[in-house]
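Coordinates as given in model-v9.txt (compact mmCIF, C-alpha atoms):
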# COMPACT_ATOMS: atom_id res chain seq x y z
CA MET W 1 94.11 15.98 28.90
CA SER W 2 96.94 13.50 28.61
CA ILE W 3 95.84 12.71 25.04
CA LEU W 4 96.20 16.37 24.18
CA SER W 5 99.64 16.67 25.72
CA GLN W 6 100.71 13.47 23.95
CA ALA W 7 99.30 14.67 20.64
CA TYR W 8 100.89 18.07 21.03
CA SER W 9 104.24 16.71 22.17
CA TRP W 10 107.26 18.74 21.17
CA ILE W 11 108.35 16.14 18.60
CA ASN W 12 104.93 16.16 16.92
CA LEU W 13 104.75 19.94 16.89
CA LYS W 14 108.23 20.17 15.39
CA PHE W 15 107.18 17.63 12.75
CA LEU W 16 104.08 19.70 11.92
CA LEU W 17 106.01 22.96 11.82
CA ALA W 18 108.41 21.42 9.31
CA GLY W 19 105.29 20.62 7.26
CA LEU W 20 104.15 24.21 7.54
CA GLY W 21 107.62 25.13 6.28
CA VAL W 22 107.14 22.92 3.20
CA THR W 23 103.67 24.41 2.63
CA ILE W 24 105.07 27.93 2.78
CA GLU W 25 108.10 27.06 0.65
CA VAL W 26 105.97 25.50 -2.11
CA SER W 27 103.54 28.43 -1.89
CA LEU W 28 106.23 31.10 -2.16
CA ILE W 29 107.99 29.46 -5.12
CA SER W 30 104.63 28.94 -6.88
CA ILE W 31 103.48 32.48 -6.15
CA ALA W 32 106.69 33.99 -7.54
CA LEU W 33 106.71 31.86 -10.71
CA SER W 34 102.99 32.12 -11.41
CA PHE W 35 102.99 35.87 -10.85
CA ALA W 36 105.78 36.30 -13.43
CA ILE W 37 104.10 33.99 -15.96
CA GLY W 38 100.63 35.39 -15.23
CA LEU W 39 101.89 38.92 -15.77
CA ILE W 40 103.38 38.02 -19.17
CA LEU W 41 100.27 36.08 -20.24
CA GLY W 42 97.98 38.87 -19.04
CA ILE W 43 99.94 41.46 -21.06
CA ILE W 44 99.88 39.21 -24.14
CA ARG W 45 96.11 38.83 -23.69
CA TYR W 46 95.69 42.59 -23.43
CA VAL W 47 98.11 43.79 -26.10
CA GLY W 48 96.39 41.80 -28.80
CA PHE W 49 98.06 40.44 -31.95
CA LYS W 50 94.57 39.09 -32.60
CA TYR W 51 95.22 35.36 -33.09
CA VAL W 52 97.94 35.06 -30.46
CA SER W 53 95.71 36.70 -27.87
CA ALA W 54 92.74 34.51 -28.78
CA ALA W 55 94.85 31.33 -28.68
CA VAL W 56 96.37 32.25 -25.31
CA GLY W 57 92.91 33.15 -24.03
CA PHE W 58 91.53 29.78 -25.06
CA VAL W 59 94.28 27.85 -23.28
CA ILE W 60 93.85 30.03 -20.19
CA ASP W 61 90.09 29.36 -20.17
CA ILE W 62 90.66 25.61 -20.37
CA VAL W 63 93.20 25.55 -17.53
CA ARG W 64 91.06 27.85 -15.36
CA ASN W 65 88.03 25.63 -15.75
CA LEU W 66 89.74 22.38 -14.74
CA PRO W 67 90.01 21.26 -11.10
CA LEU W 68 93.49 21.87 -9.72
CA LEU W 69 93.42 18.33 -8.31
CA LEU W 70 93.14 16.96 -11.85
CA ILE W 71 96.13 19.03 -12.96
CA ILE W 72 98.13 17.72 -9.99
CA PHE W 73 97.16 14.12 -10.83
CA PHE W 74 98.02 14.71 -14.46
CA THR W 75 101.44 16.18 -13.68
CA TYR W 76 102.43 13.48 -11.25
CA PHE W 77 100.74 10.35 -12.61
CA ALA W 78 100.16 10.95 -16.34
CA LEU W 79 103.24 12.84 -17.49
CA PRO W 80 105.58 9.96 -16.51
CA GLN W 81 103.75 7.95 -19.19
CA THR W 82 105.25 10.36 -21.72
CA GLY W 83 108.67 10.05 -20.11
CA LEU W 84 108.54 13.19 -17.98
CA ARG W 85 109.09 12.11 -14.37
CA MET W 86 109.16 14.59 -11.49
CA SER W 87 109.58 14.53 -7.72
CA ALA W 88 106.47 15.25 -5.63
CA MET W 89 107.83 18.70 -4.87
CA SER W 90 108.46 19.66 -8.53
CA ALA W 91 105.16 18.12 -9.63
CA ALA W 92 103.24 20.09 -6.98
CA ILE W 93 104.97 23.33 -7.93
CA THR W 94 104.50 22.70 -11.67
CA ALA W 95 100.78 21.96 -11.28
CA LEU W 96 100.22 24.96 -9.00
CA VAL W 97 102.12 27.28 -11.36
CA VAL W 98 100.21 26.10 -14.45
CA PHE W 99 96.85 26.55 -12.70
CA GLU W 100 97.60 29.78 -10.86
CA SER W 101 99.29 31.58 -13.75
CA ALA W 102 96.10 31.07 -15.77
CA MET W 103 94.09 32.55 -12.88
CA LEU W 104 96.54 35.44 -12.46
CA ALA W 105 96.63 36.21 -16.20
CA GLU W 106 92.91 37.04 -16.06
CA ILE W 107 93.43 39.22 -12.98
CA VAL W 108 96.29 41.07 -14.70
CA ARG W 109 94.27 41.57 -17.86
CA SER W 110 91.27 43.01 -16.02
CA GLY W 111 93.63 45.19 -13.96
CA ILE W 112 95.11 46.70 -17.14
CA ILE W 113 91.66 47.18 -18.66
CA ALA W 114 90.56 49.02 -15.51
CA VAL W 115 93.23 51.72 -16.03
CA ASP W 116 91.73 54.77 -17.76
CA PRO W 117 92.61 54.66 -21.52
CA GLY W 118 93.42 58.39 -21.25
CA GLN W 119 96.55 57.38 -19.33
CA MET W 120 97.96 55.54 -22.33
CA GLU W 121 97.00 58.34 -24.71
CA GLY W 122 98.56 60.95 -22.42
CA ALA W 123 101.76 58.95 -22.03
CA ARG W 124 102.05 58.38 -25.78
CA SER W 125 101.46 62.09 -26.47
CA THR W 126 104.43 62.98 -24.24
CA GLY W 127 106.59 61.00 -26.68
CA MET W 128 106.84 57.67 -24.86
CA SER W 129 106.78 54.49 -26.94
CA TYR W 130 103.95 51.97 -26.35
CA TRP W 131 106.15 49.74 -24.20
CA GLN W 132 107.57 52.64 -22.21
CA ALA W 133 104.05 53.83 -21.48
CA MET W 134 103.04 50.28 -20.55
CA GLN W 135 105.99 49.81 -18.23
CA HIS W 136 106.08 53.21 -16.50
CA ILE W 137 102.49 54.44 -16.61
CA ILE W 138 99.97 51.64 -17.13
CA LEU W 139 101.38 48.64 -15.26
CA PRO W 140 102.14 50.44 -11.96
CA GLN W 141 98.55 51.72 -11.81
CA ALA W 142 97.15 48.37 -12.89
CA LEU W 143 99.16 46.55 -10.20
CA LEU W 144 97.68 48.77 -7.49
CA LYS W 145 94.18 47.92 -8.68
CA MET W 146 95.10 44.23 -8.73
CA ILE W 147 96.28 43.99 -5.11
CA PRO W 148 93.02 42.71 -3.56
CA PRO W 149 92.29 39.97 -6.14
CA LEU W 150 95.98 39.03 -6.28
CA VAL W 151 96.17 38.51 -2.54
CA SER W 152 92.99 36.46 -2.43
CA GLN W 153 94.41 34.33 -5.23
CA PHE W 154 97.59 33.85 -3.20
CA ILE W 155 95.49 32.81 -0.21
CA SER W 156 93.73 30.18 -2.32
CA LEU W 157 97.11 29.00 -3.55
CA ILE W 158 98.31 28.44 0.01
CA LYS W 159 95.14 26.54 0.85
CA ASP W 160 95.42 24.55 -2.37
CA THR W 161 98.88 23.23 -1.51
CA SER W 162 97.04 20.85 0.83
CA LEU W 163 95.85 18.95 -2.28
CA ALA W 164 99.45 17.90 -2.89
CA THR W 165 99.13 15.57 0.09
CA ILE W 166 97.79 13.05 -2.46
CA ILE W 167 101.15 12.91 -4.25
CA VAL W 168 102.92 12.45 -0.90
CA LEU W 169 104.33 15.95 -0.63
CA PRO W 170 105.36 16.15 3.05
CA GLU W 171 103.35 19.31 3.74
CA LEU W 172 101.14 20.15 6.72
CA LEU W 173 98.10 17.93 6.05
CA TYR W 174 100.26 14.97 5.05
CA ARG W 175 102.27 15.18 8.25
CA ALA W 176 99.13 15.45 10.37
CA GLN W 177 97.91 12.24 8.74
CA ILE W 178 101.20 10.51 9.57
CA ILE W 179 100.92 11.55 13.22
CA TYR W 180 97.34 10.38 13.67
CA GLY W 181 98.24 7.21 11.79
CA GLN W 182 100.06 6.18 14.98
CA ASP W 183 97.06 6.72 17.23
CA THR W 184 93.54 7.51 16.02
CA ARG W 185 92.86 9.50 19.22
CA TYR W 186 95.18 12.13 17.78
CA MET W 187 92.84 12.81 14.85
CA LEU W 188 90.84 15.61 16.45
CA PRO W 189 93.84 17.40 18.00
CA MET W 190 95.77 17.13 14.72
CA TYR W 191 92.99 18.55 12.54
CA LEU W 192 92.40 21.37 15.01
CA MET W 193 96.10 22.21 15.07
CA ILE W 194 96.59 22.30 11.30
CA ALA W 195 93.33 24.21 10.85
CA VAL W 196 94.70 26.84 13.24
CA MET W 197 98.03 26.93 11.41
CA TYR W 198 96.45 27.37 7.99
CA PHE W 199 94.06 29.94 9.43
CA ILE W 200 96.84 32.05 10.95
CA VAL W 201 98.83 32.17 7.70
CA CYS W 202 95.84 32.90 5.45
CA TYR W 203 94.07 35.31 7.79
CA ALA W 204 97.29 37.29 8.36
CA LEU W 205 97.68 37.61 4.61
CA SER W 206 94.07 38.78 4.22
CA LEU W 207 94.63 41.43 6.92
CA VAL W 208 97.68 42.70 5.01
CA ALA W 209 95.55 42.81 1.85
CA ARG W 210 92.86 44.82 3.62
CA ARG W 211 95.42 47.31 4.89
CA LEU W 212 96.98 47.70 1.43
CA GLU W 213 93.53 48.15 -0.07
CA LYS W 214 92.74 50.92 2.39
CA ARG W 215 96.02 52.69 1.72
CA PHE W 216 95.82 52.61 -2.07
CA GLY W 217 92.11 52.06 -2.72
CA MET O 1 91.21 8.68 -25.58
CA ILE O 2 88.14 7.47 -27.46
CA GLN O 3 88.87 3.95 -26.29
CA VAL O 4 88.91 5.00 -22.64
CA LEU O 5 85.52 6.56 -23.21
CA THR O 6 83.90 3.64 -25.08
CA ASN O 7 85.18 1.03 -22.62
CA ASN O 8 84.27 2.83 -19.42
CA TRP O 9 81.46 5.24 -20.10
CA PRO O 10 79.07 3.85 -17.43
CA THR O 11 81.67 4.38 -14.69
CA LEU O 12 82.56 7.84 -15.94
CA LEU O 13 78.93 8.85 -16.30
CA THR O 14 78.17 7.73 -12.71
CA GLY O 15 81.06 9.89 -11.56
CA PHE O 16 79.86 12.77 -13.69
CA GLY O 17 76.37 12.42 -12.16
CA ASN O 18 77.74 12.35 -8.63
CA THR O 19 79.88 15.42 -9.27
CA LEU O 20 76.86 17.27 -10.61
CA LEU O 21 74.62 16.03 -7.77
CA CYS O 22 76.95 17.03 -4.95
CA SER O 23 77.64 20.41 -6.62
CA VAL O 24 73.94 21.19 -6.90
CA ILE O 25 73.17 20.07 -3.32
CA ALA O 26 76.13 22.06 -1.98
CA LEU O 27 75.13 25.09 -4.04
CA PHE O 28 71.56 24.97 -2.71
CA PHE O 29 72.57 24.81 0.94
CA SER O 30 75.47 27.22 0.66
CA LEU O 31 73.19 29.78 -1.00
CA ILE O 32 70.82 29.57 1.97
CA ILE O 33 73.55 29.57 4.62
CA GLY O 34 75.65 32.16 2.79
CA SER O 35 72.72 34.56 2.30
CA GLY O 36 71.79 34.13 5.97
CA PHE O 37 75.24 35.14 7.13
CA ALA O 38 75.39 37.93 4.55
CA ILE O 39 72.19 39.45 5.96
CA MET O 40 73.53 38.99 9.51
CA GLU O 41 76.65 40.94 8.50
CA THR O 42 74.58 43.92 7.41
CA LEU O 43 72.37 44.01 10.52
CA PRO O 44 72.73 46.88 13.01
CA ASN O 45 73.18 44.34 15.86
CA LYS O 46 76.89 44.02 16.67
CA LEU O 47 76.72 40.46 18.06
CA CYS O 48 75.13 39.23 14.81
CA ARG O 49 77.89 40.84 12.80
CA ILE O 50 80.60 39.27 14.95
CA ILE O 51 79.06 35.79 14.67
CA ALA O 52 78.68 36.07 10.90
CA ASN O 53 82.17 37.47 10.47
CA THR O 54 83.73 34.71 12.57
CA TYR O 55 81.97 32.02 10.56
CA ILE O 56 83.03 33.56 7.25
CA GLU O 57 86.66 34.11 8.21
CA ILE O 58 87.05 30.61 9.65
CA PHE O 59 85.76 28.76 6.61
CA ARG O 60 87.41 31.07 4.10
CA ASN O 61 90.86 30.65 5.57
CA ILE O 62 91.02 26.89 6.12
CA PRO O 63 91.63 24.59 3.13
CA LEU O 64 88.54 22.83 1.82
CA LEU O 65 90.38 19.53 2.01
CA VAL O 66 91.03 19.97 5.74
CA ILE O 67 87.35 20.75 6.38
CA THR O 68 86.25 17.75 4.31
CA MET O 69 88.71 15.35 5.94
CA PHE O 70 87.54 16.59 9.33
CA PHE O 71 84.00 15.46 8.51
CA TYR O 72 85.24 12.22 7.01
CA VAL O 73 87.61 11.02 9.73
CA VAL O 74 87.03 13.04 12.93
CA VAL O 75 83.26 13.52 13.09
CA PRO O 76 82.45 9.78 12.68
CA GLN O 77 84.75 9.07 15.62
CA TYR O 78 82.73 11.20 18.07
CA VAL O 79 79.34 12.02 16.55
CA LEU O 80 77.95 10.02 13.66
CA LYS O 81 79.11 7.92 10.75
CA MET O 82 78.65 9.32 7.29
CA SER O 83 79.53 8.35 3.74
CA GLY O 84 82.33 10.04 1.83
CA PHE O 85 79.75 11.66 -0.40
CA THR O 86 77.96 13.22 2.59
CA ALA O 87 81.19 14.33 4.25
CA GLY O 88 82.37 15.87 0.99
CA THR O 89 79.10 17.66 0.38
CA ILE O 90 79.06 19.06 3.92
CA GLY O 91 82.65 20.26 3.54
CA LEU O 92 81.87 21.86 0.18
CA THR O 93 78.76 23.53 1.60
CA LEU O 94 80.54 25.08 4.57
CA TYR O 95 83.51 26.24 2.48
CA THR O 96 81.42 27.67 -0.37
CA SER O 97 78.87 29.31 1.93
CA SER O 98 81.59 31.57 3.35
CA PHE O 99 82.48 32.79 -0.15
CA ILE O 100 78.83 33.20 -1.09
CA ALA O 101 78.23 35.17 2.12
CA GLU O 102 80.96 37.64 1.13
CA THR O 103 79.57 37.93 -2.40
CA VAL O 104 75.99 38.49 -1.27
CA ARG O 105 77.06 40.96 1.43
CA ALA O 106 78.89 43.01 -1.20
CA GLY O 107 75.70 42.90 -3.29
CA ILE O 108 73.46 44.05 -0.42
CA GLN O 109 75.84 46.90 0.39
CA ALA O 110 75.98 47.91 -3.28
CA VAL O 111 72.22 48.58 -3.24
CA ASP O 112 71.68 52.30 -2.68
CA THR O 113 70.87 53.05 1.00
CA GLY O 114 68.05 55.29 -0.21
CA GLN O 115 66.20 52.11 -1.22
CA MET O 116 65.98 50.91 2.39
CA GLU O 117 65.05 54.38 3.66
CA GLY O 118 62.40 54.76 0.95
CA ALA O 119 60.97 51.30 1.67
CA ARG O 120 60.86 51.95 5.43
CA SER O 121 59.17 55.32 4.91
CA THR O 122 56.35 53.66 2.96
CA GLY O 123 55.58 51.68 6.14
CA LEU O 124 57.36 48.38 5.37
CA THR O 125 59.17 46.79 8.32
CA TYR O 126 62.95 46.20 8.18
CA TRP O 127 62.46 42.54 7.19
CA GLN O 128 59.79 43.33 4.63
CA SER O 129 62.06 45.92 2.99
CA MET O 130 64.93 43.42 3.04
CA ARG O 131 62.79 40.68 1.53
CA TYR O 132 60.91 42.67 -1.13
CA ILE O 133 63.15 45.65 -1.94
CA ILE O 134 66.81 45.05 -1.08
CA LEU O 135 67.43 41.34 -1.69
CA PRO O 136 65.86 41.19 -5.19
CA GLN O 137 68.09 44.06 -6.31
CA ALA O 138 71.14 42.63 -4.56
CA PHE O 139 70.68 39.20 -6.17
CA ARG O 140 70.57 40.71 -9.63
CA LEU O 141 73.94 42.34 -8.93
CA VAL O 142 75.54 39.18 -7.63
CA ILE O 143 74.40 36.71 -10.30
CA PRO O 144 77.71 36.79 -12.24
CA PRO O 145 79.95 36.41 -9.16
CA LEU O 146 77.62 33.69 -7.82
CA GLY O 147 77.97 31.89 -11.14
CA ASN O 148 81.72 32.02 -10.75
CA GLN O 149 81.34 30.59 -7.24
CA PHE O 150 79.33 27.74 -8.74
CA ILE O 151 82.13 27.05 -11.24
CA ASN O 152 84.62 26.99 -8.35
CA LEU O 153 82.26 24.68 -6.48
CA ILE O 154 82.16 22.20 -9.38
CA LYS O 155 85.95 22.23 -9.62
CA ASN O 156 86.32 21.97 -5.84
CA SER O 157 83.96 18.99 -5.72
CA SER O 158 86.97 16.97 -6.89
CA VAL O 159 88.00 16.76 -3.21
CA LEU O 160 85.38 14.01 -2.97
CA ALA O 161 88.09 11.84 -4.54
CA PHE O 162 89.97 12.02 -1.22
CA VAL O 163 87.04 10.68 0.79
CA ALA O 164 85.75 7.97 -1.61
CA GLY O 165 82.85 10.13 -2.73
CA PHE O 166 82.54 8.31 -6.10
CA ASP O 167 82.64 11.58 -8.03
CA LEU O 168 84.20 12.09 -11.46
CA MET O 169 87.72 12.55 -10.14
CA TYR O 170 87.45 9.45 -7.94
CA GLN O 171 86.15 7.29 -10.79
CA GLY O 172 88.79 8.65 -13.13
CA ASP O 173 91.52 7.91 -10.61
CA ALA O 174 90.20 4.39 -10.07
CA LEU O 175 90.11 3.80 -13.85
CA ALA O 176 93.62 5.19 -14.26
CA SER O 177 94.98 2.82 -11.59
CA ALA O 178 93.11 -0.13 -13.08
CA THR O 179 94.10 0.41 -16.71
CA PHE O 180 97.51 2.08 -16.19
CA ASP O 181 96.52 4.46 -18.99
CA THR O 182 96.71 7.51 -16.74
CA PHE O 183 97.36 9.96 -19.57
CA ASN O 184 94.23 9.30 -21.64
CA THR O 185 91.99 8.69 -18.63
CA TYR O 186 92.82 12.05 -17.09
CA LEU O 187 92.32 13.76 -20.45
CA VAL O 188 88.82 12.26 -20.66
CA VAL O 189 88.09 13.30 -17.06
CA GLY O 190 89.26 16.81 -17.94
CA VAL O 191 86.90 16.95 -20.91
CA PHE O 192 84.00 15.92 -18.65
CA TYR O 193 84.80 18.73 -16.21
CA LEU O 194 85.07 21.22 -19.06
CA ILE O 195 81.62 20.18 -20.33
CA LEU O 196 80.26 21.48 -17.02
CA THR O 197 82.46 24.47 -16.35
CA LEU O 198 83.41 25.99 -19.71
CA PRO O 199 79.89 26.85 -20.99
CA LEU O 200 78.97 28.18 -17.55
CA SER O 201 82.07 30.35 -17.48
CA TYR O 202 81.40 31.80 -20.95
CA TYR O 203 77.76 32.41 -20.04
CA MET O 204 78.78 34.27 -16.87
CA ARG O 205 81.20 36.42 -18.86
CA HIS O 206 78.37 37.23 -21.27
CA LEU O 207 76.01 38.10 -18.37
CA GLU O 208 78.68 40.28 -16.75
CA LYS O 209 79.01 42.30 -19.94
CA LYS O 210 75.25 42.54 -20.34
CA LEU O 211 74.62 43.66 -16.75
CA ALA O 212 77.59 46.03 -16.60
Can you present the structure in this file as structure tokens?
Amino acid sequence: MSILSQAYSWINLKFLLAGLGVTIEVSLISIALSFAIGLILGIIRYVGFKYVSAAVGFVIDIVRNLPLLLIIFFTYFALPQTGLRMSAMSAAITALVVFESAMLAEIVRSGIIAVDPGQMEGARSTGMSYWQAMQHIILPQALLKMIPPLVSQFISLIKDTSLATIIVLPELLYRAQIIYGQDTRYMLPMYLMIAVMYFIVCYALSLVARRLEKRFG
Amino acid sequence: MIQVLTNNWPTLLTGFGNTLLCSVIALFFSLIIGSGFAIMETLPNKLCRIIANTYIEIFRNIPLLVITMFFYVVVPQYVLKMSGFTAGTIGLTLYTSSFIAETVRAGIQAVDTGQMEGARSTGLTYWQSMRYIILPQAFRLVIPPLGNQFINLIKNSSVLAFVAGFDLMYQGDALASATFDTFNTYLVVGVFYLILTLPLSYYMRHLEKKLA
């Protein structure tokens, strides 16, 4: 019992909670940026301009089919070779945004495709331009359809921030490793604690998603 | 890039083999475990549903890396020693099985309920109907999403690099640190991953269109 109370001392818990803060901070910044970029890429993919769409689609397919860990390694360890040096925080966010915006672009594109084509025709026939129809009629409906896959993508993003421990981002997993580095008996309590923390954040988000899905689905 | 490949192809190929091996092993076991929990979730028995649901939610909402590290550093301390490859494959199996369970459950529930009723009324037991009538139809529905899970599994197998699992990512990282040519090494590693995932992903898209 004393091991547990030592492992879960107030100082250690505060240290872990700060890590959870970093995890959430990196996640929120990455979610916001990759949603914006994914939305633009998804619209470009859908709207066409034949070659542009195909080229964007090809790049998206390549990024989607690479391991995120490789993209993180590349951003942090390989880009400095070309002169582009970043802090662990910026590298983690950059890698996450590159990877997730490719994932989100596909979600956005299939969301737009899922909207009945009659909606566009109807909007155009009332005199709206293509972009007006897109902005006011198509996208709002598409976004509602996208909520469940978007939220599960955000949940994976939060879980994936743990990979940034390899580039010494002081997030949750990294801090747990520092704590049990002092005493190996802390390993089990530390892994249980961070598992619970990740679980609470991700499960809460999935409950919100389920509620939204019920309301709009 | 070519030079990285010609100088180090045995190392990279070993890594490539290990990545493929652990992905296939993890896929095999997570299909079995995942289908088991998926069937449990559709059973009338409430306790079964709660057990299956708990399993799925736990492993879906904890990062794969945390699960893998748990098997690599904590389990050897109390239970038994295992190699990084084993720890990584166990972590991958548990994590992926929760996603496969959700996919297969959706497939089972997408099969018309009349199929079960019809099968039961011809005299088949519940398990016979499940085995011969429901599951074959459900699996046809879930082939494309299962394929996508397999692609995720291959990409996720890169966590073996954290636990010295000698997979592609690990070998690539070791090469990059040894040669200092991180840029070209990671490009080559990326190409190796794409050889596995890109054709699979295009094939799944094709199947999705064909089955839709």
Within 9 Å of segment 50-64 of chain O using all atoms listed in the file, minus same-chain residues under 6 positions, as a ChimeraX atom specification: /W:155-156,158-163,194-203,206 /O:34,36-41,91-92,94-99,101-102,156,159
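Put simply, atom CA of Ala106 of chain O is 22.7 Å away from atom CA of Arg109 of chain W.
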Between O:Ala164, O:Met130, O:Ile151, O:Ala119, which is the closest to chain W once you count all atoms listed in the file? O:Ile151
Determine, counting only C-alpha atoms, which protein, DNA and RNA residues have an atom within 12 Å of an atom of Leu16 of chain W; residues of the same chain fewer than 2 positions away are not included. Present the result as an MDAnalysis selection string. chainID W and resid 7:14 18:23 170:180 190:191 193:198
Compile a residue-level contact table for chain O against chain W at a cut-off of 9 Å, reporting for every qualifying residue the shortest atom pair and its distance in Å to one decimal, with all atoms listed in the file counted, rows ordered by chain and ascending number, as a Markdown table.
| residue | atom | partner | partner_atom | distance |
| --- | --- | --- | --- | --- |
| O:Glu57 | CA | W:Tyr203 | CA | 7.5 |
| O:Ile58 | CA | W:Phe199 | CA | 7.0 |
| O:Phe59 | CA | W:Phe199 | CA | 8.8 |
| O:Arg60 | CA | W:Phe199 | CA | 8.6 |
| O:Asn61 | CA | W:Phe199 | CA | 5.1 |
| O:Ile62 | CA | W:Phe199 | CA | 5.4 |
| O:Pro63 | CA | W:Lys159 | CA | 4.6 |
| O:Leu64 | CA | W:Lys159 | CA | 7.6 |
| O:Leu65 | CA | W:Ser162 | CA | 6.9 |
| O:Val66 | CA | W:Ala195 | CA | 7.0 |
| O:Ile67 | CA | W:Ala195 | CA | 8.2 |
| O:Met69 | CA | W:Tyr191 | CA | 8.5 |
| O:Phe70 | CA | W:Tyr191 | CA | 6.6 |
| O:Val73 | CA | W:Met187 | CA | 7.5 |
| O:Val74 | CA | W:Leu188 | CA | 5.8 |
| O:Val75 | CA | W:Leu188 | CA | 8.6 |
| O:Gln77 | CA | W:Arg185 | CA | 8.9 |
| O:Ile151 | CA | W:Asn65 | CA | 7.6 |
| O:Asn152 | CA | W:Asn65 | CA | 8.3 |
| O:Ile154 | CA | W:Pro67 | CA | 8.1 |
| O:Lys155 | CA | W:Pro67 | CA | 4.4 |
| O:Asn156 | CA | W:Pro67 | CA | 6.5 |
| O:Ser157 | CA | W:Pro67 | CA | 8.4 |
| O:Ser158 | CA | W:Pro67 | CA | 6.7 |
| O:Val159 | CA | W:Leu69 | CA | 7.6 |
| O:Phe162 | CA | W:Ile166 | CA | 8.0 |
| O:Met169 | CA | W:Leu70 | CA | 7.2 |
| O:Asp173 | CA | W:Phe73 | CA | 8.4 |
| O:Ala176 | CA | W:Phe77 | CA | 8.9 |
| O:Asp181 | CA | W:Ala78 | CA | 7.9 |
| O:Thr182 | CA | W:Ala78 | CA | 4.9 |
| O:Phe183 | CA | W:Ala78 | CA | 4.4 |
| O:Asn184 | CA | W:Ala78 | CA | 8.1 |
| O:Thr185 | CA | W:Ala78 | CA | 8.8 |
| O:Tyr186 | CA | W:Phe74 | CA | 6.4 |
| O:Leu187 | CA | W:Phe74 | CA | 8.3 |
| O:Val189 | CA | W:Leu70 | CA | 8.1 |
| O:Gly190 | CA | W:Leu66 | CA | 6.4 |
| O:Val191 | CA | W:Leu66 | CA | 8.7 |
| O:Tyr193 | CA | W:Leu66 | CA | 6.3 |
| O:Leu194 | CA | W:Asn65 | CA | 6.3 |
| O:Leu196 | CA | W:Asn65 | CA | 8.9 |
| O:Thr197 | CA | W:Asn65 | CA | 5.7 |
| O:Leu198 | CA | W:Asn65 | CA | 6.1 |
| O:Ser201 | CA | W:Asn65 | CA | 7.8 |
Skipping near chain neighbours, those fewer than 4 positions away, what residues fall within 10 Å of Ala123 of chain W using only C-alpha atoms, listed as a short mmCIF file (atom, residue, chain, number, x, y, z; two decimals) with C-alpha atoms, keeping the file's coordinate frame?
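Output contents, as saved in result.cif:
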data_model
loop_
_atom_site.label_atom_id
_atom_site.label_comp_id
_atom_site.auth_asym_id
_atom_site.auth_seq_id
_atom_site.Cartn_x
_atom_site.Cartn_y
_atom_site.Cartn_z
CA GLY W 118 93.42 58.39 -21.25
CA GLN W 119 96.55 57.38 -19.33
CA GLY W 127 106.59 61.00 -26.68
CA MET W 128 106.84 57.67 -24.86
CA SER W 129 106.78 54.49 -26.94
CA TYR W 130 103.95 51.97 -26.35
CA GLN W 132 107.57 52.64 -22.21
CA ALA W 133 104.05 53.83 -21.48
CA MET W 134 103.04 50.28 -20.55
CA HIS W 136 106.08 53.21 -16.50
CA ILE W 137 102.49 54.44 -16.61
CA ILE W 138 99.97 51.64 -17.13
#
Distance atom CA of Tyr203 of chain O-atom CA of Pro144 of chain O, one decimal place?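 Between these atoms lies a distance of 8.9 Å.
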Point-to-point distance from atom CA of Ala114 of chain W to atom CA of Leu143 of chain W, Å rounded to tenths: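 Those two atoms sit 10.4 Å apart.
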Up to 12 Å from (77.4, 17.3, -9.6) in the file's coordinates: name the residues, counting only C-alpha atoms, as an MDAnalysis selection string. chainID O and resid 13:28 85 88:89 92 150:151 153:158 160 165:169 192:193 195:197
Applying 9 Å and all atoms listed in the file, which residues near Ile108 of chain O remain after dropping the ones on its own chain fewer than 4 positions away? List them as a PyMOL selection string. chain O and resi 38-39+42+103-104+112+134-135+137-139+141-142
Identify which of the residues O:Leu43, O:Ile143, O:Ile2, O:Met82 lies closest to Gly107 of chain O, counting all atoms listed in the file when measuring atom-to-atom distances. O:Ile143
